[in-house]
Amino acid sequence: MGRPKLKIPFQPIDYAIELLSISLLLSMWLYIITEYDSLPQIIASHFNAKGDADAYASKSTIWLLPSIVTVLYVGLFILNKYPHLHNYMVNITEENAFKNYSFSTRMLRIVNFFCVLLFAYIVYAEIQFSKGIIHSLGTWLFPSIMILSVISIIVFIYFQQKHN
């Protein structure tokens, strides 16, 4: 691609985002470890758009979500070390590389945090549901995710255009 290869230094906000992500990830694992024995043998394994359980499986499936998000987190963390491989809406040159790479790594870090946050909430809610504490994930979850996803894309595109 011929793009410059730069190392983008962490800013304090980047450290804060990564610390929050790792804390949430570890908290999710610890929560499952501490609650696993108290779960019934069969738990909800899928929820529909209304937040109602529509599939059930063995309680061992509770380990699937944190495993997926851990792999996702590590993968995106590693990808973030190679901003010259990211997709950009502008041609990357020596003059604009640092600015675009900084924006791209920050954006990816934020997306990574929201993925961990979403999975952590789903794991928490799945355990609460399985213990009979809540009866649904709520009708607000799916629309909220959709709306926040669209808003995030619009905001990221706006700031990307403003940077260039």
# chains A, B, ... in the order shown; residues from 1 in each chain; ligands from 1
$ residues_around --residues "Ser136 in chain A" --least-positions-apart "2" --cutoff "10 Å" --atoms "only C-alpha atoms" --output "list in words"
Phe47, Asn48, Lys50, Gly51, Asp52, Ala53, Ala125, Glu126, Gln128, Phe129, Gly132, Ile133, Ile134, Gly138 and Thr139 of chain A
$ select_by_dssp --residues "range 32-141 of chain A" --states "strand (DSSP E or B)" --output "CSV table (one decimal) with C-alpha atoms, in the first residue's frame"
chain,number,residue,atom,x,y,z
A,42,ILE,CA,-30.1,-25.2,31.7
A,43,ILE,CA,-29.9,-21.4,31.0
A,44,ALA,CA,-31.1,-19.0,28.3
A,45,SER,CA,-28.7,-19.1,25.4
A,46,HIS,CA,-30.4,-16.7,23.0
A,47,PHE,CA,-32.7,-13.7,23.3
A,53,ALA,CA,-35.3,-15.8,25.9
A,54,ASP,CA,-36.0,-18.0,22.9
A,55,ALA,CA,-33.4,-20.7,23.2
A,56,TYR,CA,-31.9,-22.6,26.1
A,57,ALA,CA,-28.7,-24.7,26.5
A,58,SER,CA,-26.4,-26.1,29.1
$ residues_around --residues "Ala120 in chain A" --least-positions-apart "2" --cutoff "9 Å" --atoms "only C-alpha atoms" --output "VMD selection string"
chain A and resid 24 to 25 27 to 29 65 to 66 69 115 to 118 122 to 125
$ atom_distance --atom1 "CA of Asn87 in chain A" --atom2 "CA of Ser104 in chain A"
8.7 Å
$ closest_residue --among "A:Tyr15, A:Tyr73, A:Phe10, A:Tyr31" --to "Tyr121 in chain A" --atoms "only C-alpha atoms"
A:Tyr31
$ closest_residue --among "A:Ile110, A:Ala49, A:Leu141, A:Ile154" --to "Asp14 in chain A" --atoms "only C-alpha atoms"
A:Ile110
$ atom_distance --atom1 "CA of Phe114 in chain A" --atom2 "CA of Leu79 in chain A"
16.4 Å
$ closest_residue --among "A:Ser67, A:Ser130, A:Gln11, A:Asn100" --to "Phe159 in chain A" --atoms "only C-alpha atoms"
A:Asn100
$ atom_distance --atom1 "CA of Ile13 in chain A" --atom2 "CA of Asn112 in chain A"
14.1 Å
$ select_by_dssp --residues "range 16-137 of chain A" --states "alpha helix (DSSP H)" --output "MDAnalysis selection string"
chainID A and resid 16:35 64:79 97:130
$ write_last_selection --atoms "C-alpha atoms" --output "mmCIF file, in the first residue's frame"
data_model
loop_
_atom_site.group_PDB
_atom_site.id
_atom_site.type_symbol
_atom_site.label_atom_id
_atom_site.label_comp_id
_atom_site.auth_asym_id
_atom_site.auth_seq_id
_atom_site.Cartn_x
_atom_site.Cartn_y
_atom_site.Cartn_z
ATOM 1 C CA ALA A 16 -8.201 5.180 30.391
ATOM 2 C CA ILE A 17 -10.187 3.448 27.633
ATOM 3 C CA GLU A 18 -7.896 0.409 27.658
ATOM 4 C CA LEU A 19 -7.987 0.228 31.452
ATOM 5 C CA LEU A 20 -11.791 0.336 31.419
ATOM 6 C CA SER A 21 -11.939 -2.345 28.726
ATOM 7 C CA ILE A 22 -9.555 -4.677 30.546
ATOM 8 C CA SER A 23 -11.325 -4.061 33.861
ATOM 9 C CA LEU A 24 -14.692 -4.922 32.312
ATOM 10 C CA LEU A 25 -13.252 -7.992 30.641
ATOM 11 C CA LEU A 26 -11.733 -9.266 33.881
ATOM 12 C CA SER A 27 -14.887 -8.410 35.838
ATOM 13 C CA MET A 28 -16.990 -10.391 33.378
ATOM 14 C CA TRP A 29 -14.752 -13.462 33.769
ATOM 15 C CA LEU A 30 -14.723 -13.128 37.565
ATOM 16 C CA TYR A 31 -18.497 -12.724 37.675
ATOM 17 C CA ILE A 32 -19.010 -15.913 35.696
ATOM 18 C CA ILE A 33 -16.493 -17.793 37.831
ATOM 19 C CA THR A 34 -18.216 -16.723 41.046
ATOM 20 C CA GLU A 35 -21.772 -17.329 39.787
ATOM 21 C CA LEU A 64 -18.850 -18.750 25.075
ATOM 22 C CA LEU A 65 -19.553 -15.018 25.249
ATOM 23 C CA PRO A 66 -16.538 -14.026 27.346
ATOM 24 C CA SER A 67 -14.348 -16.252 25.162
ATOM 25 C CA ILE A 68 -15.582 -14.541 21.999
ATOM 26 C CA VAL A 69 -15.183 -11.027 23.369
ATOM 27 C CA THR A 70 -11.731 -11.815 24.756
ATOM 28 C CA VAL A 71 -10.566 -13.008 21.330
ATOM 29 C CA LEU A 72 -12.233 -9.955 19.753
ATOM 30 C CA TYR A 73 -10.607 -7.589 22.246
ATOM 31 C CA VAL A 74 -7.123 -9.067 21.766
ATOM 32 C CA GLY A 75 -7.533 -9.103 17.981
ATOM 33 C CA LEU A 76 -8.598 -5.455 17.815
ATOM 34 C CA PHE A 77 -5.892 -4.483 20.314
ATOM 35 C CA ILE A 78 -3.256 -6.075 18.067
ATOM 36 C CA LEU A 79 -4.785 -4.567 14.906
ATOM 37 C CA ALA A 97 -0.632 9.916 8.360
ATOM 38 C CA PHE A 98 -0.107 10.773 12.016
ATOM 39 C CA LYS A 99 -3.406 12.643 12.311
ATOM 40 C CA ASN A 100 -5.404 9.922 10.538
ATOM 41 C CA TYR A 101 -3.659 7.072 12.330
ATOM 42 C CA SER A 102 -4.275 8.735 15.697
ATOM 43 C CA PHE A 103 -7.952 9.149 14.903
ATOM 44 C CA SER A 104 -8.292 5.607 13.589
ATOM 45 C CA THR A 105 -6.595 3.999 16.594
ATOM 46 C CA ARG A 106 -8.752 6.024 18.990
ATOM 47 C CA MET A 107 -11.900 5.091 17.102
ATOM 48 C CA LEU A 108 -10.976 1.403 17.105
ATOM 49 C CA ARG A 109 -10.159 1.572 20.815
ATOM 50 C CA ILE A 110 -13.614 3.055 21.510
ATOM 51 C CA VAL A 111 -15.331 0.407 19.373
ATOM 52 C CA ASN A 112 -13.387 -2.273 21.245
ATOM 53 C CA PHE A 113 -14.529 -0.814 24.579
ATOM 54 C CA PHE A 114 -18.183 -0.777 23.493
ATOM 55 C CA CYS A 115 -17.943 -4.392 22.336
ATOM 56 C CA VAL A 116 -16.597 -5.430 25.737
ATOM 57 C CA LEU A 117 -19.264 -3.324 27.475
ATOM 58 C CA LEU A 118 -22.064 -4.886 25.430
ATOM 59 C CA PHE A 119 -20.849 -8.437 26.010
ATOM 60 C CA ALA A 120 -20.349 -7.764 29.717
ATOM 61 C CA TYR A 121 -23.927 -6.501 29.997
ATOM 62 C CA ILE A 122 -25.299 -9.496 28.089
ATOM 63 C CA VAL A 123 -23.397 -11.933 30.316
ATOM 64 C CA TYR A 124 -24.606 -10.103 33.422
ATOM 65 C CA ALA A 125 -28.203 -10.085 32.180
ATOM 66 C CA GLU A 126 -28.035 -13.720 31.083
ATOM 67 C CA ILE A 127 -26.935 -14.772 34.560
ATOM 68 C CA GLN A 128 -29.573 -12.576 36.219
ATOM 69 C CA PHE A 129 -32.207 -14.020 33.892
ATOM 70 C CA SER A 130 -31.097 -17.589 34.594
#
